[in-house]
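Notes to accompany the following structure.
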Amino acid sequence: MTEPESKPDAANAIEVRDLHRRFGRQQVLDGVTLDFPAGKITTIVGPSGSGKTVLLKHLNLLLRPDSGTIVFDGIDVTRIGSKGMDAVREKFGMLFQAGALFDSMSVFDNVSFPLVEKTRLSHDEIAARVHETLKAVGLEGMESKFPSEMSGGMQKRAALARALVRRPKILMLDEPTTGLDPSRTGAIHDLIRRTQENFQLTAVMVSHDVPAVFRVSDRVAFLHNGRTRLNGTVDQVMASDDDVFKRFLAGKASGEENETALAG
C-alpha cells in the first residue's frame, strides 16, 4: 500500500519520498515514502524502534535526512537554508509528548509565549487570541493557573492551545496522550478531532494508543524497521492481511509491544 514516487500533489500538505536516516550503524529510516493529505488526520503507528519519532523530528525540521525529500506545500525543505526553514516552521504547531509547558509561567503566559516572541500583535490582540484559543480547548477562565495546579489532561489542553495560538496550517502531535488514564485519553482524542475540524488543520500524529486512536484518524501509516509497511485509510489498514501488522495489533491488545515477534 506504499504509494509510488510522484510529482507534488496539491491535495497533500506534506509529501515524504524515500527518506533515509542513520545514527551510527543503526539505519533508523530506511526509505520512508508517505503522503499526508491536507485537512486530514494521519496517525503514525508502529513498534518501538520503528522510526516513528525520528520521522516526526524530520517533519518538524528538527532533523535533516541523509537522503530523500520532504515537501511542504510544494517546497522541498531538504534543499533550503535556515531562513527558508523558519518560513516553513510558521506553517505548523507542535504538541510535544510531555507538553513542555514552562512551570514558572501561568497558562496565559505559556500560551501567549509564541505570540510575544514571534509576532508584533498588541497586548490586547494577544489577550484576545489566547482567550479564544483556551476556550476552543476547554480551558476558558484558566489563564491565571500554573501547570502544577492542573491535572495531566488540563496540561495537555494548555499545551495544545499553545500549539494552536499562531493558527498553524499543520498540527504535529507526538504521543499526545502519554501519561493519561484511559478515560482522559479518549477525551484528548476527541479534542484533537474537534480541534482539527474547527481549525481546518492537517494533523500528523504519532501514537501508541492502538487501536483506540484509529477512531479519530482519517489515515494510518504503519512503520516497521524504518519503512512504511502500510499506508491508507483506517478501513484499508485494518482490513490488511499483513501478518506483521496483525501481530502488532495482537501485541497491543494484550498490552505488549510483541517486538520479538515483529522483529525481522
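Ordered as shown in the C-alpha cells, chains take letters A, B, and onward, while each chain numbers its residues from 1 and ligands are numbered from 1 in the order shown.
On the backbone of this structure, DSSP gives strand (DSSP E) within region 53-218 of chain A to Ser67, Gly68, Thr69, Ile70, Val71, Phe72, Ile75, Asp76, Phe92, Gly93, Met94, Leu95, Ile170, Leu171, Met172, Leu173, Asp174, Thr202, Ala203, Val204, Met205 and Val206 of chain A.
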Take the selection from the previous step and output its residues with N, CA and C atoms, as an mmCIF file, in the first residue's frame.
```
data_model
loop_
_atom_site.group_PDB
_atom_site.id
_atom_site.type_symbol
_atom_site.label_atom_id
_atom_site.label_comp_id
_atom_site.auth_asym_id
_atom_site.auth_seq_id
_atom_site.Cartn_x
_atom_site.Cartn_y
_atom_site.Cartn_z
ATOM 1 N N SER A 67 19.253 11.248 3.075
ATOM 2 C CA SER A 67 18.814 11.342 1.679
ATOM 3 C C SER A 67 17.295 11.272 1.654
ATOM 4 N N GLY A 68 16.730 11.624 0.501
ATOM 5 C CA GLY A 68 15.281 11.660 0.360
ATOM 6 C C GLY A 68 14.770 13.089 0.435
ATOM 7 N N THR A 69 13.465 13.256 0.240
ATOM 8 C CA THR A 69 12.871 14.595 0.209
ATOM 9 C C THR A 69 11.644 14.683 1.109
ATOM 10 N N ILE A 70 11.429 15.898 1.625
ATOM 11 C CA ILE A 70 10.212 16.242 2.363
ATOM 12 C C ILE A 70 9.683 17.524 1.743
ATOM 13 N N VAL A 71 8.470 17.485 1.236
ATOM 14 C CA VAL A 71 7.882 18.630 0.551
ATOM 15 C C VAL A 71 6.699 19.161 1.350
ATOM 16 N N PHE A 72 6.767 20.432 1.751
ATOM 17 C CA PHE A 72 5.673 21.146 2.410
ATOM 18 C C PHE A 72 5.083 22.142 1.413
ATOM 19 N N ILE A 75 7.265 22.976 -1.371
ATOM 20 C CA ILE A 75 8.637 23.389 -1.064
ATOM 21 C C ILE A 75 9.413 22.202 -0.519
ATOM 22 N N ASP A 76 10.498 21.841 -1.173
ATOM 23 C CA ASP A 76 11.347 20.758 -0.705
ATOM 24 C C ASP A 76 12.235 21.306 0.412
ATOM 25 N N PHE A 92 3.394 25.380 10.920
ATOM 26 C CA PHE A 92 2.933 24.312 11.794
ATOM 27 C C PHE A 92 3.102 24.612 13.278
ATOM 28 N N GLY A 93 2.244 23.937 14.069
ATOM 29 C CA GLY A 93 2.341 23.958 15.511
ATOM 30 C C GLY A 93 2.711 22.568 15.988
ATOM 31 N N MET A 94 3.340 22.496 17.166
ATOM 32 C CA MET A 94 3.849 21.228 17.663
ATOM 33 C C MET A 94 3.378 20.984 19.088
ATOM 34 N N LEU A 95 2.753 19.830 19.317
ATOM 35 C CA LEU A 95 2.399 19.388 20.659
ATOM 36 C C LEU A 95 3.367 18.276 21.045
ATOM 37 N N ILE A 170 -0.681 23.244 9.866
ATOM 38 C CA ILE A 170 -0.369 21.849 10.163
ATOM 39 C C ILE A 170 -0.108 21.709 11.658
ATOM 40 N N LEU A 171 -0.733 20.705 12.265
ATOM 41 C CA LEU A 171 -0.519 20.423 13.678
ATOM 42 C C LEU A 171 0.173 19.075 13.800
ATOM 43 N N MET A 172 1.299 19.048 14.519
ATOM 44 C CA MET A 172 2.034 17.808 14.741
ATOM 45 C C MET A 172 1.931 17.433 16.216
ATOM 46 N N LEU A 173 1.645 16.166 16.476
ATOM 47 C CA LEU A 173 1.418 15.706 17.836
ATOM 48 C C LEU A 173 2.256 14.461 18.102
ATOM 49 N N ASP A 174 3.101 14.538 19.125
ATOM 50 C CA ASP A 174 3.961 13.419 19.477
ATOM 51 C C ASP A 174 3.410 12.740 20.719
ATOM 52 N N THR A 202 -4.391 20.261 8.938
ATOM 53 C CA THR A 202 -3.785 18.973 8.617
ATOM 54 C C THR A 202 -3.075 18.517 9.889
ATOM 55 N N ALA A 203 -3.346 17.308 10.347
ATOM 56 C CA ALA A 203 -2.740 16.829 11.585
ATOM 57 C C ALA A 203 -1.896 15.594 11.317
ATOM 58 N N VAL A 204 -0.704 15.581 11.917
ATOM 59 C CA VAL A 204 0.213 14.445 11.860
ATOM 60 C C VAL A 204 0.436 14.005 13.297
ATOM 61 N N MET A 205 0.058 12.781 13.609
ATOM 62 C CA MET A 205 0.113 12.320 14.990
ATOM 63 C C MET A 205 0.864 11.009 15.103
ATOM 64 N N VAL A 206 1.828 10.956 16.027
ATOM 65 C CA VAL A 206 2.468 9.707 16.416
ATOM 66 C C VAL A 206 1.762 9.228 17.673
#
```
Write out as a compact mmCIF listing (two decimals) with all heavy atoms, in the first residue's frame all residues of region 91-203 of chain A that DSSP puts in helix (DSSP H, G or I) for this structure's backbone.
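out-v5.txt, freshly written:
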```txt
# COMPACT_ATOMS: atom_id res chain seq x y z
N VAL A 107 -0.77 29.81 32.68
CA VAL A 107 -1.32 29.31 31.43
C VAL A 107 -1.35 30.42 30.39
O VAL A 107 -0.98 30.21 29.22
CB VAL A 107 -2.74 28.73 31.66
CG1 VAL A 107 -3.45 28.49 30.32
CG2 VAL A 107 -2.66 27.43 32.44
N PHE A 108 -1.77 31.61 30.79
CA PHE A 108 -1.79 32.73 29.85
C PHE A 108 -0.41 32.97 29.26
O PHE A 108 -0.25 33.10 28.04
CB PHE A 108 -2.30 34.01 30.53
CG PHE A 108 -2.31 35.20 29.61
CD1 PHE A 108 -3.43 35.48 28.84
CD2 PHE A 108 -1.19 36.01 29.47
CE1 PHE A 108 -3.45 36.57 27.97
CE2 PHE A 108 -1.19 37.10 28.60
CZ PHE A 108 -2.32 37.37 27.85
N ASP A 109 0.61 33.04 30.12
CA ASP A 109 1.96 33.33 29.63
C ASP A 109 2.51 32.19 28.78
O ASP A 109 3.24 32.41 27.82
CB ASP A 109 2.89 33.60 30.81
CG ASP A 109 2.59 34.94 31.48
OD1 ASP A 109 1.97 35.81 30.83
OD2 ASP A 109 2.95 35.11 32.66
N ASN A 110 2.18 30.95 29.14
CA ASN A 110 2.60 29.81 28.34
C ASN A 110 2.01 29.87 26.94
O ASN A 110 2.72 29.69 25.94
CB ASN A 110 2.18 28.50 29.02
CG ASN A 110 3.27 27.88 29.86
OD1 ASN A 110 4.25 27.36 29.35
ND2 ASN A 110 3.09 27.95 31.17
N VAL A 111 0.71 30.12 26.87
CA VAL A 111 0.03 30.10 25.57
C VAL A 111 0.40 31.33 24.74
O VAL A 111 0.53 31.24 23.51
CB VAL A 111 -1.50 30.01 25.78
CG1 VAL A 111 -2.23 30.09 24.43
CG2 VAL A 111 -1.85 28.70 26.48
N SER A 112 0.58 32.45 25.40
CA SER A 112 0.90 33.69 24.66
C SER A 112 2.36 33.75 24.22
O SER A 112 2.71 34.56 23.35
CB SER A 112 0.59 34.91 25.52
OG SER A 112 1.44 34.98 26.65
N PHE A 113 3.20 32.90 24.78
CA PHE A 113 4.64 32.96 24.52
C PHE A 113 5.00 33.02 23.03
O PHE A 113 5.80 33.87 22.62
CB PHE A 113 5.34 31.79 25.21
CG PHE A 113 6.84 31.84 25.14
CD1 PHE A 113 7.57 32.66 25.99
CD2 PHE A 113 7.53 31.08 24.20
CE1 PHE A 113 8.95 32.71 25.92
CE2 PHE A 113 8.91 31.13 24.12
CZ PHE A 113 9.63 31.95 24.98
N PRO A 114 4.43 32.14 22.18
CA PRO A 114 4.78 32.22 20.75
C PRO A 114 4.37 33.53 20.11
O PRO A 114 5.05 34.02 19.19
CB PRO A 114 4.01 31.04 20.14
CG PRO A 114 3.75 30.12 21.28
CD PRO A 114 3.54 31.00 22.47
N LEU A 115 3.28 34.13 20.57
CA LEU A 115 2.83 35.41 20.00
C LEU A 115 3.73 36.54 20.44
O LEU A 115 4.06 37.43 19.65
CB LEU A 115 1.38 35.70 20.43
CG LEU A 115 0.32 34.69 19.99
CD1 LEU A 115 -1.04 35.10 20.54
CD2 LEU A 115 0.27 34.58 18.48
N VAL A 116 4.16 36.52 21.70
CA VAL A 116 5.04 37.55 22.22
C VAL A 116 6.40 37.49 21.51
O VAL A 116 6.98 38.52 21.15
CB VAL A 116 5.22 37.40 23.74
CG1 VAL A 116 6.29 38.36 24.27
CG2 VAL A 116 3.90 37.63 24.46
N GLU A 117 6.89 36.27 21.32
CA GLU A 117 8.23 36.09 20.75
C GLU A 117 8.28 36.28 19.23
O GLU A 117 9.29 36.73 18.69
CB GLU A 117 8.75 34.69 21.09
CG GLU A 117 9.07 34.49 22.55
CD GLU A 117 10.23 35.34 23.02
OE1 GLU A 117 11.29 35.32 22.35
OE2 GLU A 117 10.09 36.03 24.04
N LYS A 118 7.19 35.91 18.54
CA LYS A 118 7.25 35.82 17.08
C LYS A 118 6.34 36.78 16.31
O LYS A 118 6.36 36.77 15.08
CB LYS A 118 6.90 34.38 16.66
CG LYS A 118 7.86 33.31 17.18
CD LYS A 118 9.23 33.42 16.54
CE LYS A 118 10.13 32.26 16.97
NZ LYS A 118 11.46 32.34 16.32
N HIS A 123 -0.82 43.93 23.08
CA HIS A 123 -1.19 43.15 24.26
C HIS A 123 -2.65 42.75 24.20
O HIS A 123 -3.01 41.61 24.53
CB HIS A 123 -0.91 43.95 25.53
CG HIS A 123 -1.27 43.21 26.79
ND1 HIS A 123 -2.54 43.26 27.35
CD2 HIS A 123 -0.56 42.37 27.58
CE1 HIS A 123 -2.58 42.50 28.42
NE2 HIS A 123 -1.39 41.95 28.58
N ASP A 124 -3.51 43.68 23.79
CA ASP A 124 -4.94 43.38 23.72
C ASP A 124 -5.23 42.31 22.66
O ASP A 124 -6.07 41.42 22.88
CB ASP A 124 -5.75 44.64 23.41
CG ASP A 124 -5.80 45.60 24.60
OD1 ASP A 124 -5.45 45.18 25.73
OD2 ASP A 124 -6.19 46.77 24.39
N GLU A 125 -4.54 42.38 21.54
CA GLU A 125 -4.73 41.38 20.48
C GLU A 125 -4.26 40.01 20.95
O GLU A 125 -4.91 38.99 20.68
CB GLU A 125 -3.98 41.80 19.22
CG GLU A 125 -4.59 43.00 18.50
CD GLU A 125 -3.71 43.53 17.39
OE1 GLU A 125 -2.46 43.50 17.54
OE2 GLU A 125 -4.26 43.98 16.36
N ILE A 126 -3.14 40.00 21.66
CA ILE A 126 -2.63 38.73 22.19
C ILE A 126 -3.60 38.16 23.21
O ILE A 126 -3.91 36.96 23.19
CB ILE A 126 -1.24 38.94 22.81
CG1 ILE A 126 -0.20 39.19 21.71
CG2 ILE A 126 -0.83 37.72 23.65
CD1 ILE A 126 1.18 39.54 22.23
N ALA A 127 -4.10 39.00 24.11
CA ALA A 127 -5.03 38.54 25.14
C ALA A 127 -6.29 37.95 24.51
O ALA A 127 -6.80 36.91 24.95
CB ALA A 127 -5.39 39.68 26.08
N ALA A 128 -6.79 38.60 23.46
CA ALA A 128 -7.99 38.11 22.79
C ALA A 128 -7.73 36.77 22.11
O ALA A 128 -8.56 35.85 22.18
CB ALA A 128 -8.46 39.14 21.76
N ARG A 129 -6.57 36.63 21.48
CA ARG A 129 -6.23 35.38 20.80
C ARG A 129 -6.06 34.24 21.82
O ARG A 129 -6.53 33.12 21.59
CB ARG A 129 -4.94 35.55 20.00
CG ARG A 129 -4.45 34.30 19.28
CD ARG A 129 -5.23 33.99 18.03
NE ARG A 129 -5.03 34.99 17.02
CZ ARG A 129 -3.98 35.03 16.16
NH1 ARG A 129 -3.05 34.10 16.23
NH2 ARG A 129 -3.89 35.99 15.26
N VAL A 130 -5.40 34.52 22.93
CA VAL A 130 -5.20 33.50 23.96
C VAL A 130 -6.56 33.06 24.53
O VAL A 130 -6.81 31.86 24.69
CB VAL A 130 -4.29 34.02 25.08
CG1 VAL A 130 -4.27 33.04 26.26
CG2 VAL A 130 -2.87 34.22 24.56
N HIS A 131 -7.42 34.02 24.84
CA HIS A 131 -8.74 33.69 25.38
C HIS A 131 -9.53 32.82 24.40
O HIS A 131 -10.13 31.81 24.80
CB HIS A 131 -9.52 34.97 25.69
CG HIS A 131 -10.92 34.73 26.14
ND1 HIS A 131 -11.22 34.28 27.41
CD2 HIS A 131 -12.10 34.82 25.49
CE1 HIS A 131 -12.54 34.13 27.53
NE2 HIS A 131 -13.09 34.45 26.37
N GLU A 132 -9.51 33.19 23.13
CA GLU A 132 -10.23 32.44 22.10
C GLU A 132 -9.70 31.02 21.99
O GLU A 132 -10.47 30.05 21.87
CB GLU A 132 -10.08 33.16 20.76
CG GLU A 132 -10.75 32.45 19.59
CD GLU A 132 -10.44 33.13 18.26
OE1 GLU A 132 -9.48 33.93 18.19
OE2 GLU A 132 -11.15 32.83 17.29
N THR A 133 -8.38 30.87 22.05
CA THR A 133 -7.77 29.55 21.90
C THR A 133 -8.02 28.68 23.12
O THR A 133 -8.31 27.48 22.99
CB THR A 133 -6.25 29.68 21.63
OG1 THR A 133 -6.04 30.62 20.56
CG2 THR A 133 -5.66 28.35 21.23
N LEU A 134 -7.91 29.25 24.31
CA LEU A 134 -8.20 28.48 25.52
C LEU A 134 -9.65 28.03 25.55
O LEU A 134 -9.96 26.91 25.96
CB LEU A 134 -7.87 29.32 26.77
CG LEU A 134 -6.39 29.52 27.06
CD1 LEU A 134 -6.20 30.47 28.23
CD2 LEU A 134 -5.70 28.19 27.36
N LYS A 135 -10.55 28.87 25.10
CA LYS A 135 -11.96 28.49 25.02
C LYS A 135 -12.14 27.31 24.08
O LYS A 135 -12.91 26.38 24.36
CB LYS A 135 -12.80 29.67 24.56
CG LYS A 135 -14.31 29.38 24.51
CD LYS A 135 -15.08 30.62 24.10
CE LYS A 135 -16.59 30.34 24.07
NZ LYS A 135 -17.36 31.55 23.66
N ALA A 136 -11.40 27.30 22.98
CA ALA A 136 -11.52 26.23 21.98
C ALA A 136 -11.08 24.88 22.52
O ALA A 136 -11.56 23.84 22.05
CB ALA A 136 -10.72 26.59 20.73
N PRO A 147 0.91 25.32 35.67
CA PRO A 147 0.87 23.89 35.34
C PRO A 147 0.76 22.98 36.55
O PRO A 147 0.04 21.97 36.51
CB PRO A 147 2.19 23.68 34.59
CG PRO A 147 2.44 24.99 33.93
CD PRO A 147 1.98 26.02 34.93
N SER A 148 1.43 23.32 37.64
CA SER A 148 1.40 22.47 38.84
C SER A 148 0.03 22.41 39.49
O SER A 148 -0.25 21.53 40.30
CB SER A 148 2.42 22.97 39.86
OG SER A 148 2.12 24.29 40.28
N GLU A 149 -0.83 23.36 39.14
CA GLU A 149 -2.18 23.41 39.70
C GLU A 149 -3.20 22.69 38.82
O GLU A 149 -4.39 22.70 39.13
CB GLU A 149 -2.62 24.87 39.88
CG GLU A 149 -1.72 25.68 40.79
CD GLU A 149 -2.09 27.14 40.85
OE1 GLU A 149 -2.25 27.76 39.77
OE2 GLU A 149 -2.24 27.66 41.96
N GLY A 152 -3.17 16.32 34.58
CA GLY A 152 -2.44 15.97 33.37
C GLY A 152 -3.22 16.29 32.11
O GLY A 152 -2.66 16.80 31.13
N GLY A 153 -4.52 16.01 32.13
CA GLY A 153 -5.35 16.29 30.97
C GLY A 153 -5.43 17.78 30.68
O GLY A 153 -5.41 18.20 29.51
N MET A 154 -5.54 18.60 31.73
CA MET A 154 -5.59 20.05 31.54
C MET A 154 -4.27 20.59 31.02
O MET A 154 -4.24 21.52 30.20
CB MET A 154 -5.98 20.72 32.85
CG MET A 154 -7.41 20.43 33.29
SD MET A 154 -7.77 21.05 34.94
CE MET A 154 -7.76 22.82 34.66
N GLN A 155 -3.17 20.00 31.48
CA GLN A 155 -1.87 20.43 30.96
C GLN A 155 -1.75 20.12 29.47
O GLN A 155 -1.20 20.93 28.70
CB GLN A 155 -0.75 19.73 31.73
CG GLN A 155 -0.60 20.20 33.16
CD GLN A 155 0.53 19.50 33.90
OE1 GLN A 155 1.52 19.07 33.29
NE2 GLN A 155 0.40 19.36 35.20
N LYS A 156 -2.28 18.98 29.05
CA LYS A 156 -2.26 18.64 27.62
C LYS A 156 -3.07 19.66 26.83
O LYS A 156 -2.68 20.08 25.73
CB LYS A 156 -2.85 17.25 27.39
CG LYS A 156 -2.08 16.11 28.03
CD LYS A 156 -0.83 15.75 27.26
CE LYS A 156 -0.21 14.47 27.85
NZ LYS A 156 1.03 14.09 27.15
N ARG A 157 -4.20 20.08 27.39
CA ARG A 157 -5.04 21.07 26.71
C ARG A 157 -4.32 22.41 26.59
O ARG A 157 -4.40 23.09 25.56
CB ARG A 157 -6.36 21.24 27.46
CG ARG A 157 -7.28 20.03 27.35
CD ARG A 157 -8.49 20.13 28.27
NE ARG A 157 -9.29 18.93 28.21
CZ ARG A 157 -10.37 18.77 27.44
NH1 ARG A 157 -10.78 19.76 26.68
NH2 ARG A 157 -11.03 17.63 27.44
N ALA A 158 -3.62 22.80 27.66
CA ALA A 158 -2.87 24.06 27.62
C ALA A 158 -1.76 24.00 26.58
O ALA A 158 -1.53 24.96 25.84
CB ALA A 158 -2.30 24.37 29.00
N ALA A 159 -1.07 22.86 26.52
CA ALA A 159 -0.01 22.69 25.53
C ALA A 159 -0.58 22.72 24.11
O ALA A 159 0.03 23.27 23.18
CB ALA A 159 0.75 21.39 25.78
N LEU A 160 -1.76 22.13 23.94
CA LEU A 160 -2.41 22.17 22.63
C LEU A 160 -2.78 23.60 22.26
O LEU A 160 -2.60 24.01 21.11
CB LEU A 160 -3.66 21.28 22.65
CG LEU A 160 -4.49 21.24 21.37
CD1 LEU A 160 -3.65 20.74 20.19
CD2 LEU A 160 -5.73 20.35 21.55
N ALA A 161 -3.28 24.36 23.24
CA ALA A 161 -3.61 25.76 22.97
C ALA A 161 -2.38 26.54 22.51
O ALA A 161 -2.46 27.35 21.58
CB ALA A 161 -4.21 26.41 24.22
N ARG A 162 -1.25 26.29 23.15
CA ARG A 162 -0.02 26.98 22.74
C ARG A 162 0.36 26.61 21.31
O ARG A 162 0.83 27.45 20.54
CB ARG A 162 1.12 26.65 23.69
CG ARG A 162 2.39 27.46 23.42
CD ARG A 162 3.47 27.17 24.43
NE ARG A 162 3.85 25.78 24.43
CZ ARG A 162 4.67 25.24 25.33
NH1 ARG A 162 5.16 25.98 26.31
NH2 ARG A 162 5.00 23.96 25.26
N ALA A 163 0.16 25.34 20.94
CA ALA A 163 0.48 24.91 19.57
C ALA A 163 -0.45 25.55 18.55
O ALA A 163 -0.08 25.71 17.39
CB ALA A 163 0.39 23.38 19.48
N LEU A 164 -1.65 25.91 18.99
CA LEU A 164 -2.66 26.44 18.07
C LEU A 164 -2.70 27.96 18.00
O LEU A 164 -3.30 28.52 17.07
CB LEU A 164 -4.06 25.96 18.50
CG LEU A 164 -4.36 24.46 18.41
CD1 LEU A 164 -5.66 24.16 19.13
CD2 LEU A 164 -4.42 24.02 16.97
N PRO A 182 -7.07 5.89 30.76
CA PRO A 182 -7.90 5.63 29.57
C PRO A 182 -9.06 6.60 29.38
O PRO A 182 -9.37 6.99 28.25
CB PRO A 182 -8.41 4.20 29.81
CG PRO A 182 -7.34 3.57 30.64
CD PRO A 182 -6.84 4.65 31.55
N SER A 183 -9.71 7.03 30.47
CA SER A 183 -10.85 7.94 30.32
C SER A 183 -10.41 9.30 29.78
O SER A 183 -11.07 9.89 28.92
CB SER A 183 -11.56 8.12 31.66
OG SER A 183 -10.69 8.71 32.62
N ARG A 184 -9.27 9.79 30.25
CA ARG A 184 -8.77 11.07 29.75
C ARG A 184 -8.18 10.93 28.37
O ARG A 184 -8.19 11.87 27.57
CB ARG A 184 -7.74 11.64 30.73
CG ARG A 184 -8.36 12.16 32.01
CD ARG A 184 -7.35 12.65 33.00
NE ARG A 184 -7.99 13.24 34.17
CZ ARG A 184 -7.38 13.45 35.32
NH1 ARG A 184 -6.10 13.10 35.46
NH2 ARG A 184 -8.01 14.00 36.34
N THR A 185 -7.64 9.75 28.06
CA THR A 185 -7.12 9.50 26.72
C THR A 185 -8.20 9.69 25.67
O THR A 185 -8.00 10.37 24.66
CB THR A 185 -6.54 8.08 26.63
OG1 THR A 185 -5.38 7.99 27.45
CG2 THR A 185 -6.17 7.73 25.19
N GLY A 186 -9.37 9.12 25.92
CA GLY A 186 -10.48 9.28 24.98
C GLY A 186 -10.90 10.72 24.82
O GLY A 186 -11.21 11.19 23.71
N ALA A 187 -10.89 11.47 25.92
CA ALA A 187 -11.28 12.88 25.86
C ALA A 187 -10.29 13.70 25.04
O ALA A 187 -10.68 14.58 24.27
CB ALA A 187 -11.39 13.44 27.27
N ILE A 188 -8.99 13.40 25.19
CA ILE A 188 -7.99 14.12 24.40
C ILE A 188 -8.09 13.75 22.93
O ILE A 188 -7.96 14.61 22.04
CB ILE A 188 -6.57 13.84 24.95
CG1 ILE A 188 -6.41 14.45 26.34
CG2 ILE A 188 -5.51 14.40 24.01
CD1 ILE A 188 -6.56 15.96 26.40
N HIS A 189 -8.33 12.48 22.63
CA HIS A 189 -8.55 12.08 21.23
C HIS A 189 -9.71 12.87 20.63
O HIS A 189 -9.60 13.38 19.50
CB HIS A 189 -8.84 10.59 21.15
CG HIS A 189 -7.64 9.72 21.29
ND1 HIS A 189 -7.71 8.38 21.58
CD2 HIS A 189 -6.31 10.00 21.16
CE1 HIS A 189 -6.49 7.88 21.65
NE2 HIS A 189 -5.62 8.83 21.39
N ASP A 190 -10.82 12.95 21.35
CA ASP A 190 -11.98 13.69 20.85
C ASP A 190 -11.64 15.17 20.66
O ASP A 190 -12.09 15.79 19.68
CB ASP A 190 -13.16 13.54 21.81
CG ASP A 190 -13.74 12.13 21.81
OD1 ASP A 190 -13.51 11.38 20.83
OD2 ASP A 190 -14.41 11.76 22.79
N LEU A 191 -10.88 15.73 21.58
CA LEU A 191 -10.49 17.13 21.47
C LEU A 191 -9.63 17.35 20.23
O LEU A 191 -9.79 18.35 19.52
CB LEU A 191 -9.73 17.57 22.72
CG LEU A 191 -9.16 18.98 22.70
CD1 LEU A 191 -10.28 20.01 22.57
CD2 LEU A 191 -8.32 19.24 23.95
N ILE A 192 -8.71 16.43 19.97
CA ILE A 192 -7.87 16.55 18.78
C ILE A 192 -8.72 16.53 17.51
O ILE A 192 -8.51 17.32 16.58
CB ILE A 192 -6.82 15.42 18.76
CG1 ILE A 192 -5.78 15.64 19.87
CG2 ILE A 192 -6.13 15.33 17.39
CD1 ILE A 192 -4.87 14.46 20.12
N ARG A 193 -9.69 15.64 17.46
CA ARG A 193 -10.58 15.58 16.30
C ARG A 193 -11.37 16.88 16.12
O ARG A 193 -11.44 17.43 15.02
CB ARG A 193 -11.54 14.41 16.47
CG ARG A 193 -12.57 14.25 15.33
CD ARG A 193 -12.01 13.40 14.21
NE ARG A 193 -11.57 14.18 13.07
CZ ARG A 193 -11.12 13.65 11.94
NH1 ARG A 193 -11.01 12.35 11.80
NH2 ARG A 193 -10.73 14.40 10.95
N ARG A 194 -11.95 17.38 17.23
CA ARG A 194 -12.72 18.63 17.14
C ARG A 194 -11.82 19.79 16.74
O ARG A 194 -12.21 20.65 15.92
CB ARG A 194 -13.38 18.94 18.48
CG ARG A 194 -14.52 18.02 18.87
CD ARG A 194 -15.38 18.64 19.97
NE ARG A 194 -14.59 19.04 21.13
CZ ARG A 194 -14.30 18.24 22.14
NH1 ARG A 194 -14.70 16.97 22.12
NH2 ARG A 194 -13.60 18.69 23.17
N THR A 195 -10.64 19.83 17.32
CA THR A 195 -9.70 20.91 17.00
C THR A 195 -9.30 20.88 15.53
O THR A 195 -9.27 21.92 14.86
CB THR A 195 -8.44 20.78 17.89
OG1 THR A 195 -8.81 20.91 19.26
CG2 THR A 195 -7.42 21.84 17.54
N GLN A 196 -9.00 19.70 15.04
CA GLN A 196 -8.62 19.56 13.63
C GLN A 196 -9.73 20.05 12.72
O GLN A 196 -9.49 20.74 11.72
CB GLN A 196 -8.26 18.11 13.34
CG GLN A 196 -7.82 17.84 11.91
CD GLN A 196 -8.98 17.44 11.00
OE1 GLN A 196 -9.96 16.85 11.46
NE2 GLN A 196 -8.85 17.77 9.73
N GLU A 197 -10.97 19.70 13.05
CA GLU A 197 -12.10 20.12 12.23
C GLU A 197 -12.38 21.62 12.36
O GLU A 197 -12.59 22.32 11.37
CB GLU A 197 -13.34 19.31 12.61
CG GLU A 197 -13.23 17.82 12.24
CD GLU A 197 -14.39 17.00 12.76
OE1 GLU A 197 -15.15 17.51 13.62
OE2 GLU A 197 -14.54 15.85 12.32
N ASN A 198 -12.38 22.13 13.60
CA ASN A 198 -12.72 23.54 13.83
C ASN A 198 -11.70 24.49 13.24
O ASN A 198 -12.05 25.56 12.73
CB ASN A 198 -12.88 23.81 15.33
CG ASN A 198 -14.08 23.12 15.93
OD1 ASN A 198 -15.01 22.74 15.23
ND2 ASN A 198 -14.08 22.95 17.25
```
_Using only C-alpha atoms: which of A:Lys169, A:Lys91, A:Arg247, A:Arg227 has the shortest distance to Val28 (chain A)_ = A:Arg227
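The spacing separating CA of Val45 (chain A) from CA of His224 (chain A) amounts to 8.9 Å.
Among the candidates A:Met150, A:Val77, A:Leu62, A:Val32, the residue lying nearest to Phe222 (chain A) is A:Val32 (atoms considered: only C-alpha atoms).
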*Rank nothing, just name the residue among A:Leu180, A:Arg79, A:Pro47, A:Ala87 nearest to Lys252 (chain A), using only C-alpha atoms.*
A:Pro47
_Give me the residues near Ser104 (chain A) as a ChimeraX atom specification, where near means some atom within 8 Å (using only C-alpha atoms) and where sequence neighbours in that chain fewer than 2 positions away do not count._
/A:102,106,146
Keeping only all heavy atoms, write the selected residues as a CSV table (one decimal), in the first residue's frame.
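Listing of part31.csv after writing:
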```csv
chain,number,residue,atom,x,y,z
A,102,PHE,N,6.1,25.7,30.5
A,102,PHE,CA,7.0,26.3,31.4
A,102,PHE,C,6.4,26.3,32.8
A,102,PHE,O,5.4,27.0,33.0
A,102,PHE,CB,7.4,27.8,31.0
A,102,PHE,CG,8.0,27.8,29.6
A,102,PHE,CD1,7.4,28.3,28.5
A,102,PHE,CD2,9.4,27.4,29.5
A,102,PHE,CE1,8.0,28.4,27.3
A,102,PHE,CE2,10.0,27.5,28.2
A,102,PHE,CZ,9.3,28.0,27.2
A,106,SER,N,2.3,31.2,34.0
A,106,SER,CA,0.9,30.9,34.0
A,106,SER,C,0.4,30.3,32.7
A,106,SER,O,1.2,30.4,31.7
A,106,SER,CB,0.1,32.2,34.3
A,106,SER,OG,0.2,33.1,33.3
A,146,PHE,N,-1.3,27.8,37.1
A,146,PHE,CA,0.1,27.3,36.8
A,146,PHE,C,0.0,25.8,36.5
A,146,PHE,O,-0.9,25.1,37.0
A,146,PHE,CB,1.0,27.6,37.9
A,146,PHE,CG,1.4,29.1,38.0
A,146,PHE,CD1,0.6,30.0,38.6
A,146,PHE,CD2,2.6,29.5,37.4
A,146,PHE,CE1,1.0,31.3,38.7
A,146,PHE,CE2,3.0,30.8,37.5
A,146,PHE,CZ,2.2,31.8,38.1
```
*Within 10 Å of Asp66 (chain A), counting only C-alpha atoms, which residues qualify if same-chain residues fewer than 6 places away don't, as a PyMOL selection string?*
chain A and resi 19-23+29+78
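Among the candidates A:Asn60, A:Ser50, A:Ser82, A:Gln200, the one nearest to Ala38 (chain A) when counting only C-alpha atoms is A:Gln200.
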